[in-house]
Amino acid sequence: SPQIVWLRRDLRLVDQPALHAAAEIGPVIPVYVLDDDRAGDHAYGGASRWWLHHSLESLGKSLGSRRSRIVLRQGDAPQVLAAIADEMGAGAIHANRHYEPWWKEAEDELADALGDQCELVLHDGNYLMPPGSVTTGSGDPYKIYSPFARSLLECLPPRDALDAPATLHSPESWPESDDLDDFDLLPTEPDWAGGLRDFWEVGEDAAHARLEWWVDEVADYDEGRNLPSQDITSRLSPHLHWGEISPVQIYHRLKDLRSDGWQTFLKEIVWRDYAQNVICQFPDYARESYREYDERKLWRNPDSGHLIREDLACWQKGMTGYPIVDAGMRQLWQTGWMHNRVRMICASFLVKHLLIDWRYGEQWYWDCLVDADYGNNGVNWQWISGTGVDSNMFVRIMAPLTQSEKFDAAGYIREYVPELAELGDQEIHDPPDEERGDYPAKMIGHKEARERALEAHRAAK
Ligand code: FAD
């Protein structure tokens, strides 16, 4: 009987356990359901929708070249899938486990909705180790990164990567499919996606090409990863997020390299597993603070006043008067991505210099990032704002001007804040008033902001 493969953030053919298992049993029907309502405030943002469109297009072509196809539908995923299973007489629906709370719910609902003839078979596909499987000696999940990482590294190597199925048999007839254009995922008026098109190649082949490029670069990662002016990070994040490549594939491709760069890089991939492990334990992690603060005393709430709303808008548009922050926020807007060091600086600036609730920042990144990830985004925002289970970083206030000099961001600022491009390497980090031209003055001085933040923190504790 036909086997349905329910695709979500696993848009690939290689090392795709659900697809692999289905292909071994019978004819395969790959299905993607756009379920816009289920995630609530974490429905896909604009940049994610752009990426998803191109990733589905690319996967559709790969499947087409193997005489298969992808069935596209919209609506409530469990209901849509159960109806297709019924119509096609499917023996099973295969899916790789996803850990966002709305997807876990959908998995439960689907299992309940299926009749006796069809079962839901869940596989582990998108992480080095299945989330929840790395535990302390007493079997409890870890809350803190370092012991989690130590323990996970001891479990490696992960399982072998699976090849793409050699053949995909088609069912006798195909269920109906929407056109990809019906999903309405691309911006039209205005078409803001030009910068994304210039910056990215989307899809599984592009992910593999990026990994091959990275094989030669990763040795320099240890030294270079903090320098935004240089291109020494993998930029695999959207490919990983959308499952165009799996971390298991990355591990096996790089494991024989002996460089420090590879060891450091592996620890970043482990951060991704860690974030998912946190989401498993605390499903609301991207929405709720987990420390005992009186948050009304900590944050200036943009919903409560015009001036605070304007502060938030200056940050979003990259008009804070701090060149490193503005370069980052503009890179985010133009390309759908931001360098990790700068993501930290910008996040810290919002929550500490502007004292705006981290959730406004989380939502802005969510809307703008092509790699927007419920786990990685929530965990990193909570880590910066010191509101999560892992650290209390609030009182460690990053100094944006010092960071900018220390990590040599002059070239990066020139690229994304062109109105400062003529300034020298010394002054570009903090241009003197007479050199700013149309570029704005600093919204707030660093010392003043720091004192205000520490005071608010004292009051909220
Ligand atoms: P590399 O440096 O090449 O790292 C390789 C991979 O490891 C990344 O692709 C990513 O999958 C993983 N990784 C690296 N750093 C982290 C980290 N700190 N936490 C979790 N995983 C990590 N990453 C996302 O994928 N999605 C997000 O929504 C996201 N939001 C963030 C929000 C804030 C406030 C901060 C500080 C960081 C956030 N990150 C997020 C983590 C990190 O910035 C990006 O993963 C990284 O910049 C992506 O670029 P890269 O692929 O070149 O990374």
# chains A, B, ... in the order shown; residues from 1 in each chain; ligands from 1
>>> residues_near_ligand(ligand="ligand 1", cutoff="8 Å", atoms="only C-alpha atoms and all ligand atoms", output="ChimeraX atom specification")
/A:221,225,232-241,265-275,337-348,361-362,365-366,369,371-381,384
>>> write_last_selection(atoms="N, CA and C atoms", output="compact mmCIF listing (two decimals), in the first residue's frame")
# COMPACT_ATOMS: atom_id res chain seq x y z
N TYR A 221 37.82 28.66 11.40
CA TYR A 221 36.61 29.06 12.14
C TYR A 221 36.92 29.53 13.56
N ARG A 225 35.49 33.21 13.53
CA ARG A 225 34.03 33.22 13.65
C ARG A 225 33.49 34.46 14.34
N ILE A 232 33.76 33.93 7.72
CA ILE A 232 34.29 32.67 8.24
C ILE A 232 33.30 31.99 9.18
N THR A 233 32.05 31.94 8.75
CA THR A 233 31.12 31.01 9.39
C THR A 233 30.46 30.25 8.23
N SER A 234 29.81 29.16 8.55
CA SER A 234 29.37 28.27 7.46
C SER A 234 28.17 28.80 6.68
N ARG A 235 27.36 29.65 7.29
CA ARG A 235 26.06 30.05 6.73
C ARG A 235 25.21 28.85 6.32
N LEU A 236 25.34 27.81 7.10
CA LEU A 236 24.49 26.63 6.85
C LEU A 236 23.15 26.74 7.60
N SER A 237 22.99 27.80 8.42
CA SER A 237 21.84 27.81 9.35
C SER A 237 20.48 27.67 8.67
N PRO A 238 20.20 28.38 7.57
CA PRO A 238 18.86 28.15 6.98
C PRO A 238 18.73 26.76 6.37
N HIS A 239 19.83 26.25 5.83
CA HIS A 239 19.76 24.89 5.26
C HIS A 239 19.49 23.87 6.37
N LEU A 240 20.13 24.09 7.53
CA LEU A 240 19.88 23.20 8.66
C LEU A 240 18.46 23.38 9.19
N HIS A 241 18.04 24.63 9.31
CA HIS A 241 16.70 24.86 9.85
C HIS A 241 15.63 24.18 9.00
N PHE A 265 33.47 24.28 15.71
CA PHE A 265 32.25 24.25 14.87
C PHE A 265 31.28 23.17 15.38
N LEU A 266 31.83 22.01 15.71
CA LEU A 266 30.99 20.92 16.21
C LEU A 266 30.22 21.37 17.46
N LYS A 267 30.89 22.15 18.31
CA LYS A 267 30.21 22.60 19.53
C LYS A 267 29.04 23.53 19.20
N GLU A 268 29.14 24.26 18.10
CA GLU A 268 28.01 25.12 17.69
C GLU A 268 26.84 24.27 17.20
N ILE A 269 27.18 23.20 16.47
CA ILE A 269 26.10 22.30 16.02
C ILE A 269 25.44 21.66 17.25
N VAL A 270 26.25 21.44 18.28
CA VAL A 270 25.69 20.88 19.52
C VAL A 270 24.77 21.91 20.20
N TRP A 271 25.06 23.20 20.06
CA TRP A 271 24.15 24.24 20.59
C TRP A 271 22.75 24.07 20.00
N ARG A 272 22.74 23.71 18.74
CA ARG A 272 21.45 23.54 18.06
C ARG A 272 20.69 22.35 18.69
N ASP A 273 21.41 21.27 18.95
CA ASP A 273 20.77 20.14 19.64
C ASP A 273 20.32 20.56 21.04
N TYR A 274 21.16 21.33 21.71
CA TYR A 274 20.83 21.78 23.07
C TYR A 274 19.52 22.59 23.08
N ALA A 275 19.43 23.51 22.12
CA ALA A 275 18.23 24.36 22.08
C ALA A 275 16.97 23.51 21.93
N TRP A 337 19.59 37.38 7.30
CA TRP A 337 20.58 36.67 8.12
C TRP A 337 21.42 37.72 8.83
N MET A 338 22.00 37.37 9.98
CA MET A 338 22.93 38.27 10.65
C MET A 338 24.03 37.42 11.27
N HIS A 339 25.23 37.99 11.26
CA HIS A 339 26.39 37.32 11.85
C HIS A 339 26.14 37.08 13.34
N ASN A 340 26.59 35.92 13.86
CA ASN A 340 26.26 35.56 15.25
C ASN A 340 26.73 36.59 16.27
N ARG A 341 27.98 37.06 16.15
CA ARG A 341 28.49 38.03 17.13
C ARG A 341 27.58 39.27 17.13
N VAL A 342 27.14 39.67 15.94
CA VAL A 342 26.33 40.89 15.84
C VAL A 342 24.89 40.61 16.32
N ARG A 343 24.41 39.38 16.09
CA ARG A 343 23.09 39.04 16.66
C ARG A 343 23.11 39.26 18.17
N MET A 344 24.22 38.89 18.80
CA MET A 344 24.31 39.05 20.26
C MET A 344 24.34 40.53 20.64
N ILE A 345 25.16 41.29 19.90
CA ILE A 345 25.30 42.72 20.23
C ILE A 345 23.94 43.42 20.06
N CYS A 346 23.27 43.13 18.97
CA CYS A 346 21.98 43.80 18.71
C CYS A 346 20.92 43.38 19.73
N ALA A 347 20.93 42.10 20.09
CA ALA A 347 19.94 41.62 21.06
C ALA A 347 20.19 42.27 22.42
N SER A 348 21.47 42.32 22.80
CA SER A 348 21.82 42.91 24.08
C SER A 348 21.44 44.40 24.09
N GLY A 361 12.10 41.58 20.48
CA GLY A 361 13.25 41.27 19.64
C GLY A 361 13.12 39.89 19.02
N GLU A 362 12.68 38.95 19.83
CA GLU A 362 12.52 37.56 19.34
C GLU A 362 11.56 37.57 18.16
N TYR A 365 13.28 39.19 14.98
CA TYR A 365 14.18 38.21 14.36
C TYR A 365 13.36 37.11 13.68
N TRP A 366 12.32 36.68 14.37
CA TRP A 366 11.47 35.60 13.83
C TRP A 366 10.93 36.00 12.44
N LEU A 369 14.45 36.62 9.87
CA LEU A 369 15.52 35.64 9.62
C LEU A 369 15.05 34.53 8.68
N ASP A 371 16.63 31.81 8.79
CA ASP A 371 16.86 30.62 9.62
C ASP A 371 16.05 30.67 10.92
N ALA A 372 15.00 31.53 10.97
CA ALA A 372 14.23 31.69 12.22
C ALA A 372 13.82 30.32 12.75
N ASP A 373 14.23 30.04 13.97
CA ASP A 373 14.06 28.70 14.51
C ASP A 373 13.53 28.83 15.93
N TYR A 374 12.40 28.20 16.20
CA TYR A 374 11.75 28.35 17.50
C TYR A 374 12.72 28.06 18.65
N GLY A 375 13.50 27.00 18.52
CA GLY A 375 14.45 26.63 19.58
C GLY A 375 15.63 27.59 19.63
N ASN A 376 16.35 27.72 18.53
CA ASN A 376 17.58 28.53 18.54
C ASN A 376 17.29 29.99 18.87
N ASN A 377 16.22 30.52 18.33
CA ASN A 377 15.93 31.93 18.56
C ASN A 377 15.53 32.16 20.02
N GLY A 378 14.60 31.37 20.51
CA GLY A 378 14.14 31.53 21.89
C GLY A 378 15.27 31.33 22.89
N VAL A 379 16.05 30.29 22.70
CA VAL A 379 17.11 29.98 23.66
C VAL A 379 18.16 31.09 23.66
N ASN A 380 18.53 31.61 22.50
CA ASN A 380 19.55 32.66 22.45
C ASN A 380 19.03 33.99 22.98
N TRP A 381 17.79 34.31 22.72
CA TRP A 381 17.24 35.56 23.30
C TRP A 381 17.18 35.47 24.82
N ILE A 384 20.73 35.84 26.26
CA ILE A 384 21.20 37.22 26.28
C ILE A 384 20.49 38.02 27.38
>>> residues_around(residues="Ser246 of chain A", least_positions_apart="4", cutoff="7 Å", atoms="only C-alpha atoms", output="VMD selection string")
chain A and resid 15 126 240 250
>>> write_last_selection(atoms="N, CA and C atoms", output="PDB file, in the first residue's frame")
ATOM      1  N   ASP A  15      19.752  11.405   3.592  1.00  0.00           N
ATOM      2  CA  ASP A  15      19.637  11.292   5.044  1.00  0.00           C
ATOM      3  C   ASP A  15      18.273  11.765   5.550  1.00  0.00           C
ATOM      4  N   ASN A 126      16.506  15.085  12.367  1.00  0.00           N
ATOM      5  CA  ASN A 126      17.043  16.440  12.179  1.00  0.00           C
ATOM      6  C   ASN A 126      18.098  16.862  13.195  1.00  0.00           C
ATOM      7  N   LEU A 240      20.125  24.094   7.526  1.00  0.00           N
ATOM      8  CA  LEU A 240      19.878  23.204   8.658  1.00  0.00           C
ATOM      9  C   LEU A 240      18.456  23.378   9.189  1.00  0.00           C
ATOM     10  N   ILE A 250      26.589  16.547   8.023  1.00  0.00           N
ATOM     11  CA  ILE A 250      27.680  17.501   8.239  1.00  0.00           C
ATOM     12  C   ILE A 250      28.760  16.845   9.089  1.00  0.00           C
TER      13      ILE A 250
END
>>> select_by_dssp(residues="segment 221-449 of chain A", states="alpha helix (DSSP H)", output="JSON, numbers by chain")
{"A": [221, 222, 223, 224, 237, 238, 239, 240, 241, 247, 248, 249, 250, 251, 252, 253, 254, 260, 261, 262, 263, 264, 265, 266, 267, 268, 269, 270, 271, 272, 273, 274, 275, 276, 277, 278, 279, 280, 281, 295, 296, 297, 298, 306, 307, 308, 309, 310, 311, 312, 313, 314, 315, 316, 317, 323, 324, 325, 326, 327, 328, 329, 330, 331, 332, 333, 334, 335, 340, 341, 342, 343, 344, 345, 346, 347, 348, 358, 359, 360, 361, 362, 363, 364, 365, 366, 367, 368, 374, 375, 376, 377, 378, 379, 380, 381, 382, 383, 384, 385, 400, 401, 402, 403, 404, 405, 406, 410, 411, 412, 413, 414, 415, 416, 446, 447, 448, 449]}
>>> residues_around(residues="Asp198 of chain A", least_positions_apart="3", cutoff="12 Å", atoms="only C-alpha atoms", output="ChimeraX atom specification")
/A:192-195,201-202,334-336
>>> closest_atom_pairs(of="segment 57-117 of chain A", to="segment 160-184 of chain A", cutoff="6 Å", atoms="only C-alpha atoms", output="Markdown table")
| residue | atom | partner | partner_atom | distance |
| --- | --- | --- | --- | --- |
| A:Val71 | CA | A:Ser177 | CA | 4.9 |
| A:Leu72 | CA | A:Ser177 | CA | 4.9 |
| A:Arg73 | CA | A:Asp178 | CA | 5.7 |
>>> write_last_selection(atoms="C-alpha atoms", output="tab-separated table (two decimals), in the first residue's frame")
chain	number	residue	atom	x	y	z
A	71	VAL	CA	1.68	17.02	-3.09
A	72	LEU	CA	0.96	20.51	-1.75
A	73	ARG	CA	-2.07	21.28	0.40
>>> residues_around(residues="Trp102 of chain A", least_positions_apart="4", cutoff="12 Å", atoms="only C-alpha atoms", output="JSON, numbers by chain")
{"A": [35, 36, 37, 38, 39, 40, 41, 42, 43, 76, 77, 78, 97, 98, 106, 107, 108, 109, 279, 280, 283, 284, 374]}
>>> residues_around(residues="His123 of chain A", least_positions_apart="5", cutoff="12 Å", atoms="only C-alpha atoms", output="list in words")
Val5, Trp6, Leu7, Asp10, Asp15, Gln16, Pro17, Ala18, Leu19, His20, Ala21, Ala22, Ile93, His94, Ala95, Asn96, Arg97, His98, Glu107, Met129, Pro130 and Pro131 of chain A
>>> closest_residue(among="A:Val389, A:Ala209, A:Leu355, A:Ala449", to="Phe282 of chain A", atoms="only C-alpha atoms")
A:Val389
>>> closest_atom_pairs(of="segment 432-452 of chain A", to="segment 396-413 of chain A", cutoff="12 Å", atoms="only C-alpha atoms", output="Markdown table")
| residue | atom | partner | partner_atom | distance |
| --- | --- | --- | --- | --- |
| A:Lys442 | CA | A:Leu401 | CA | 11.1 |
| A:Ile444 | CA | A:Pro400 | CA | 12.0 |
| A:Gly445 | CA | A:Ala399 | CA | 10.5 |
| A:His446 | CA | A:Ala399 | CA | 7.0 |
| A:Lys447 | CA | A:Ala399 | CA | 9.1 |
| A:Glu448 | CA | A:Ala399 | CA | 11.8 |
| A:Ala449 | CA | A:Ile397 | CA | 9.5 |
| A:Arg450 | CA | A:Ile397 | CA | 6.9 |
| A:Glu451 | CA | A:Ile397 | CA | 10.1 |
| A:Arg452 | CA | A:Ile397 | CA | 11.3 |
>>> atom_distance(atom1="atom CA of Asp260 of chain A", atom2="atom CA of Cys155 of chain A")
19.7 Å
>>> closest_residue(among="A:Met393, A:Trp242, A:Pro247, A:Pro431", to="Leu211 of chain A", atoms="only C-alpha atoms")
A:Pro247
